[in-house]
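Asker: I'd like to ask you about the structure that follows.
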Amino acid sequence: MQGRCLIPGRNKIVWFKEKKIKKVNEAISFLDSCSFNYAHWMLEIIPKIYLFSKFNKNKNIVMLIDNNLHKNFYEILNLIIKKNSRVIYVNKDECIYVNKLHIISSVGYSHHGPIIPSKKHKHGIYNHKVIKELSRFILNRIHKNLVNYNYKKIFLIRKTKKRNLINQKKLENILQRKGFKIIDINKLNFYEQVKIFRNASIIISVVGAINANLIFAKNNVKYFGLVRNINFGDGYYFWPSVVSFKNIIINFVVGKNIGLFNSTHSSFYIENFKIKKMLDIIERNY
């Protein structure tokens with residue numbers, strides 16, 4: 001129920017702030033507890049909205065979409081949905097009572113847990129046909145605006161409290177001297193992000209949700225992902241799987257974790273010899 005209700009027992013549901021209930025006759029739900037995350041929004045939620053907008057003929061169906069997301073998320077949404085679409089933006093503390101509710105089957109799934117090598121993984125299973133069609137649709141919509149941000153070699157920096165690359169500044173200085181453009185991707189709108197990824201030939205970045213923009217990259221782009229050391233390979237499979245419909249070379253530069261505990265969001269650093277090896281590969285091959 002995406003954080004909107006509590007299920008304390010088998011036959012009991014407790015709704016949060018019960019008085020704030022909207023009643024809708026017929027609707028389709030795109031509400032999702034992961035909608036705040038760019039990768040989930042771009043790869044799992046938007047594809048479903050795209051399919052619904054493309055095939056739906058019933059004008060009475062209201063679209064239920066999460067409210068208070070990042071403005072870039074709604075830029076994407078406005079490219080996808082038709083102008084006459086009926087949409088209700090739902091806050092986390094709101095309840096919606098729908099007489100006739102529609103759902104659309106999943107087009108993407110990410111398993112957020114350790115992958116045991118001896119067992120079959122479920123990490124990064126996506127409908128590549130839909131993602132390919134979605135990326136082509138968006139690129140066609142904004143094609144005329146793709147002339148700027150024509151950087152061939154880019155380093156996408158990340159400034160967060162989670163999974164921090166603590167020697168990022170040092171790497172910035174090195175890559176800048178090698179002709180890389182340093183970009184804080186989080187300061188750009190959606191259109192600008194698409195341009196950055198579409199025009200690049202070599203992309204280096206700390207692995208994160210922004211990598212969802214790889215679906216807009218050219219087929220021959222070379223990607224180097226800086227990532228913490230992850231036990232059992234959880235996460236290494238995800239991005240290659242997402243973009244496996246494209247001819248993108250994915251390289252992971254595995255860093256050294258910081259701290260006593262190896263948690264999902266631990267900070268890390270890239271050792272000097274690995275930075276040198278990455279640069280040698282780039283200079284020798286690209």
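Each chain of the structure tokens is named A, B, ... in the order shown, its residues numbered from 1; ligands are numbered from 1 in display order.
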Give me the residues near Asn186 in chain A as a PyMOL selection string, where near means some atom within 10 Å (using only C-alpha atoms) and where sequence neighbours in that chain fewer than 6 positions away do not count.
Answerer: chain A and resi 72+156-159+193+210
Asker: Where does range 119-231 of chain A meet range 49-56 of chain A within 12 Å, residue by residue, with the nearest atom pair and distance in Å to one decimal for each, counting only C-alpha atoms, listed by chain and rising number, as a tab-separated table?
Answerer:
```
residue	atom	partner	partner_atom	distance
A:Asn127	CA	A:Leu51	CA	11.9
A:Lys129	CA	A:Leu51	CA	11.5
A:Val130	CA	A:Leu51	CA	8.1
A:Ile131	CA	A:Tyr50	CA	9.9
A:Lys132	CA	A:Tyr50	CA	11.9
A:Glu133	CA	A:Tyr50	CA	9.6
A:Leu134	CA	A:Tyr50	CA	7.2
A:Ser135	CA	A:Tyr50	CA	10.6
A:Arg136	CA	A:Tyr50	CA	11.9
A:Phe137	CA	A:Tyr50	CA	9.5
A:Ile138	CA	A:Tyr50	CA	10.3
```
Asker: With N, CA and C atoms retained, export the selected residues as a PDB file, in the first residue's frame.
Answerer:
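Result file is part_18.pdb:
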```pdb
ATOM      1  N   ASN A 127      11.906  -4.936 -19.104  1.00  0.00           N
ATOM      2  CA  ASN A 127      11.371  -5.113 -20.439  1.00  0.00           C
ATOM      3  C   ASN A 127      12.116  -4.162 -21.364  1.00  0.00           C
ATOM      4  N   LYS A 129      12.296  -3.933 -24.569  1.00  0.00           N
ATOM      5  CA  LYS A 129      11.535  -3.416 -25.709  1.00  0.00           C
ATOM      6  C   LYS A 129      10.830  -2.123 -25.326  1.00  0.00           C
ATOM      7  N   VAL A 130      10.248  -2.103 -24.129  1.00  0.00           N
ATOM      8  CA  VAL A 130       9.539  -0.905 -23.670  1.00  0.00           C
ATOM      9  C   VAL A 130      10.518   0.231 -23.381  1.00  0.00           C
ATOM     10  N   ILE A 131      11.629  -0.076 -22.706  1.00  0.00           N
ATOM     11  CA  ILE A 131      12.615   0.960 -22.379  1.00  0.00           C
ATOM     12  C   ILE A 131      13.217   1.544 -23.656  1.00  0.00           C
ATOM     13  N   LYS A 132      13.484   0.702 -24.620  1.00  0.00           N
ATOM     14  CA  LYS A 132      14.036   1.177 -25.895  1.00  0.00           C
ATOM     15  C   LYS A 132      13.046   2.101 -26.589  1.00  0.00           C
ATOM     16  N   GLU A 133      11.789   1.712 -26.612  1.00  0.00           N
ATOM     17  CA  GLU A 133      10.759   2.535 -27.256  1.00  0.00           C
ATOM     18  C   GLU A 133      10.561   3.846 -26.502  1.00  0.00           C
ATOM     19  N   LEU A 134      10.593   3.776 -25.165  1.00  0.00           N
ATOM     20  CA  LEU A 134      10.441   4.984 -24.350  1.00  0.00           C
ATOM     21  C   LEU A 134      11.577   5.966 -24.594  1.00  0.00           C
ATOM     22  N   SER A 135      12.813   5.478 -24.599  1.00  0.00           N
ATOM     23  CA  SER A 135      13.963   6.363 -24.812  1.00  0.00           C
ATOM     24  C   SER A 135      13.913   7.002 -26.195  1.00  0.00           C
ATOM     25  N   ARG A 136      13.505   6.234 -27.188  1.00  0.00           N
ATOM     26  CA  ARG A 136      13.390   6.761 -28.550  1.00  0.00           C
ATOM     27  C   ARG A 136      12.294   7.830 -28.618  1.00  0.00           C
ATOM     28  N   PHE A 137      11.193   7.592 -27.927  1.00  0.00           N
ATOM     29  CA  PHE A 137      10.081   8.548 -27.899  1.00  0.00           C
ATOM     30  C   PHE A 137      10.517   9.877 -27.281  1.00  0.00           C
ATOM     31  N   ILE A 138      11.224   9.807 -26.135  1.00  0.00           N
ATOM     32  CA  ILE A 138      11.677  11.023 -25.461  1.00  0.00           C
ATOM     33  C   ILE A 138      12.708  11.763 -26.304  1.00  0.00           C
TER      34      ILE A 138
END
```
Asker: Taking into account only C-alpha atoms, which residue in the set A:Tyr191, A:Phe36, A:Phe268, A:Phe30 is nearest to Ile88 in chain A?
Answerer: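 Ranked by minimum distance to Ile88 in chain A, first place goes to A:Phe30.
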Asker: Using DSSP assignments from the backbone, pull out every residue in range 28-99 of chain A that falls under alpha helix (DSSP H) and give it to me as a ChimeraX atom specification.
Answerer: /A:38-40,46-55,71-80
Asker: Atoms to include: N, CA, C and O atoms. Write the selected residues as a compact mmCIF listing (two decimals), in the first residue's frame.
Answerer:
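Saved to again08.txt:
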```txt
# COMPACT_ATOMS: atom_id res chain seq x y z
N TYR A 38 15.08 8.47 -8.67
CA TYR A 38 15.09 8.74 -10.11
C TYR A 38 15.15 7.47 -10.95
O TYR A 38 14.45 7.35 -11.97
N ALA A 39 15.97 6.52 -10.56
CA ALA A 39 16.11 5.29 -11.35
C ALA A 39 14.80 4.51 -11.39
O ALA A 39 14.38 4.03 -12.45
N HIS A 40 14.15 4.38 -10.26
CA HIS A 40 12.86 3.66 -10.22
C HIS A 40 11.80 4.41 -11.01
O HIS A 40 10.99 3.80 -11.72
N ILE A 46 7.67 5.40 -15.09
CA ILE A 46 7.42 6.12 -16.34
C ILE A 46 7.11 5.17 -17.51
O ILE A 46 6.21 5.46 -18.32
N PRO A 47 7.80 4.02 -17.65
CA PRO A 47 7.43 3.10 -18.74
C PRO A 47 5.97 2.64 -18.67
O PRO A 47 5.32 2.49 -19.71
N LYS A 48 5.46 2.43 -17.45
CA LYS A 48 4.07 2.02 -17.31
C LYS A 48 3.12 3.16 -17.71
O LYS A 48 2.11 2.94 -18.38
N ILE A 49 3.49 4.39 -17.31
CA ILE A 49 2.67 5.55 -17.68
C ILE A 49 2.71 5.74 -19.19
O ILE A 49 1.70 6.08 -19.82
N TYR A 50 3.87 5.51 -19.79
CA TYR A 50 4.01 5.62 -21.24
C TYR A 50 3.08 4.64 -21.96
O TYR A 50 2.38 5.00 -22.91
N LEU A 51 3.08 3.38 -21.51
CA LEU A 51 2.25 2.36 -22.14
C LEU A 51 0.77 2.70 -21.99
O LEU A 51 -0.01 2.55 -22.94
N PHE A 52 0.38 3.15 -20.80
CA PHE A 52 -1.01 3.51 -20.57
C PHE A 52 -1.42 4.68 -21.47
O PHE A 52 -2.48 4.66 -22.10
N SER A 53 -0.58 5.71 -21.54
CA SER A 53 -0.89 6.88 -22.36
C SER A 53 -0.97 6.52 -23.83
O SER A 53 -1.75 7.11 -24.58
N LYS A 54 -0.18 5.55 -24.25
CA LYS A 54 -0.16 5.15 -25.65
C LYS A 54 -1.40 4.35 -26.04
O LYS A 54 -1.97 4.57 -27.12
N PHE A 55 -1.85 3.45 -25.18
CA PHE A 55 -2.90 2.51 -25.56
C PHE A 55 -4.28 2.81 -24.98
O PHE A 55 -5.27 2.30 -25.48
N LYS A 71 11.13 18.28 -9.38
CA LYS A 71 10.57 18.93 -10.57
C LYS A 71 10.99 18.24 -11.87
O LYS A 71 10.23 18.23 -12.85
N ASN A 72 12.20 17.67 -11.91
CA ASN A 72 12.64 16.96 -13.12
C ASN A 72 11.74 15.77 -13.43
O ASN A 72 11.54 15.42 -14.59
N PHE A 73 11.20 15.15 -12.38
CA PHE A 73 10.35 13.98 -12.58
C PHE A 73 9.09 14.38 -13.35
O PHE A 73 8.61 13.64 -14.22
N TYR A 74 8.56 15.57 -13.03
CA TYR A 74 7.36 16.03 -13.71
C TYR A 74 7.65 16.54 -15.11
O TYR A 74 6.76 16.55 -15.97
N GLU A 75 8.90 16.96 -15.36
CA GLU A 75 9.29 17.31 -16.73
C GLU A 75 9.18 16.08 -17.63
O GLU A 75 8.71 16.17 -18.77
N ILE A 76 9.64 14.96 -17.12
CA ILE A 76 9.54 13.70 -17.87
C ILE A 76 8.07 13.35 -18.08
O ILE A 76 7.65 12.99 -19.19
N LEU A 77 7.30 13.46 -17.02
CA LEU A 77 5.89 13.11 -17.07
C LEU A 77 5.15 13.92 -18.12
O LEU A 77 4.34 13.39 -18.89
N ASN A 78 5.45 15.22 -18.19
CA ASN A 78 4.76 16.09 -19.14
C ASN A 78 5.11 15.78 -20.59
O ASN A 78 4.36 16.14 -21.50
N LEU A 79 6.25 15.12 -20.80
CA LEU A 79 6.60 14.67 -22.14
C LEU A 79 5.79 13.45 -22.55
O LEU A 79 5.57 13.21 -23.73
N ILE A 80 5.35 12.69 -21.55
CA ILE A 80 4.73 11.39 -21.80
C ILE A 80 3.20 11.47 -21.90
O ILE A 80 2.61 10.96 -22.85
```
Asker: Using only C-alpha atoms for the distances, tell me which of A:Tyr151, A:Tyr97, A:Tyr269, A:Phe216 is nearest to Val24 in chain A.
Answerer: A:Tyr97
Asker: Fewer than 5 positions away in the same chain doesn't count, so skip those; otherwise give me all residues within 9 Å of Ile250 in chain A, counting only C-alpha atoms, as a list in words.
Answerer: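 After dropping sequence-adjacent residues, the list is Val221, Lys222, Tyr223, Phe224, Gly225, Trp239 and Pro240 of chain A.
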Asker: Pull the strand (DSSP E) assignments for range 32-251 of chain A out of DSSP run on the backbone, and list those residues as a count of residues only.
Answerer: 44
Asker: For Ser267 in chain A, which of A:Ile166, A:Leu214, A:Cys95, A:Leu188 is the closest residue, counting only C-alpha atoms?
Answerer: A:Ile166
Asker: Pull the closest atom pair for each residue of range 116-217 of chain A that gets at most 12 Å from range 280-285 of chain A, along with the distance in Å to one decimal, counting only C-alpha atoms, ordering rows by chain and then ascending residue number, as a Markdown table.
Answerer:
```
| residue | atom | partner | partner_atom | distance |
| --- | --- | --- | --- | --- |
| A:Lys153 | CA | A:Ile282 | CA | 10.4 |
| A:Leu175 | CA | A:Ile282 | CA | 11.2 |
| A:Lys178 | CA | A:Glu283 | CA | 9.4 |
| A:Gly179 | CA | A:Glu283 | CA | 11.4 |
| A:Phe180 | CA | A:Ile282 | CA | 11.6 |
| A:Ser201 | CA | A:Ile282 | CA | 11.1 |
| A:Ile202 | CA | A:Ile282 | CA | 8.6 |
| A:Ile203 | CA | A:Ile282 | CA | 10.7 |
| A:Ile204 | CA | A:Ile282 | CA | 10.6 |
```
Asker: Between A:Tyr149, A:Tyr236, A:Phe197, A:Trp41, which one has atoms that come closest to Asp66 in chain A, using only C-alpha atoms?
Answerer: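 Using only C-alpha atoms, the shortest distance to Asp66 in chain A belongs to A:Trp41.
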Asker: Could you list, as a PyMOL selection string, every residue within 6 Å of range 227-230 of chain A, counting only C-alpha atoms and ignoring same-chain residues fewer than 2 positions away?
Answerer: chain A and resi 207+233+254-255+257+268
Asker: I want to know what sits within 9 Å of Ile103 in chain A, based on only C-alpha atoms, with residues of the same chain fewer than 5 positions away left out; could you give that as a PDB file with N, CA, C and O atoms, in the first residue's frame?
Answerer:
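The file below, out.pdb, is the result:
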```
ATOM      1  N   ALA A  27     -10.062   4.782 -11.786  1.00  0.00           N
ATOM      2  CA  ALA A  27      -8.692   5.289 -11.810  1.00  0.00           C
ATOM      3  C   ALA A  27      -7.701   4.158 -12.044  1.00  0.00           C
ATOM      4  O   ALA A  27      -8.016   2.985 -11.852  1.00  0.00           O
ATOM      5  N   ILE A  28      -6.501   4.549 -12.457  1.00  0.00           N
ATOM      6  CA  ILE A  28      -5.383   3.612 -12.555  1.00  0.00           C
ATOM      7  C   ILE A  28      -4.273   4.124 -11.657  1.00  0.00           C
ATOM      8  O   ILE A  28      -3.972   5.321 -11.626  1.00  0.00           O
ATOM      9  N   SER A  29      -3.670   3.243 -10.884  1.00  0.00           N
ATOM     10  CA  SER A  29      -2.665   3.654  -9.905  1.00  0.00           C
ATOM     11  C   SER A  29      -1.246   3.495 -10.440  1.00  0.00           C
ATOM     12  O   SER A  29      -0.841   2.414 -10.868  1.00  0.00           O
ATOM     13  N   PHE A  30      -0.509   4.619 -10.383  1.00  0.00           N
ATOM     14  CA  PHE A  30       0.926   4.601 -10.634  1.00  0.00           C
ATOM     15  C   PHE A  30       1.681   5.011  -9.366  1.00  0.00           C
ATOM     16  O   PHE A  30       2.845   5.398  -9.431  1.00  0.00           O
TER      17      PHE A  30
END
```
Asker: So, with only C-alpha atoms as the atoms that count, which of A:Ser105, A:Asn164, A:Gln176, A:Asn58 lies closest to Arg86 in chain A?
Answerer: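 Closest to Arg86 in chain A, using only C-alpha atoms: A:Asn58.
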Asker: Pick out the closest residue to Ile96 in chain A from this set: A:Ser241, A:Asn25, A:Asn211, A:Asn84. Count only C-alpha atoms.
Answerer: A:Asn25
Asker: One decimal, in Å: what's the spacing between CA of Leu279 in chain A and CA of Lys181 in chain A?
Answerer: 14.9 Å
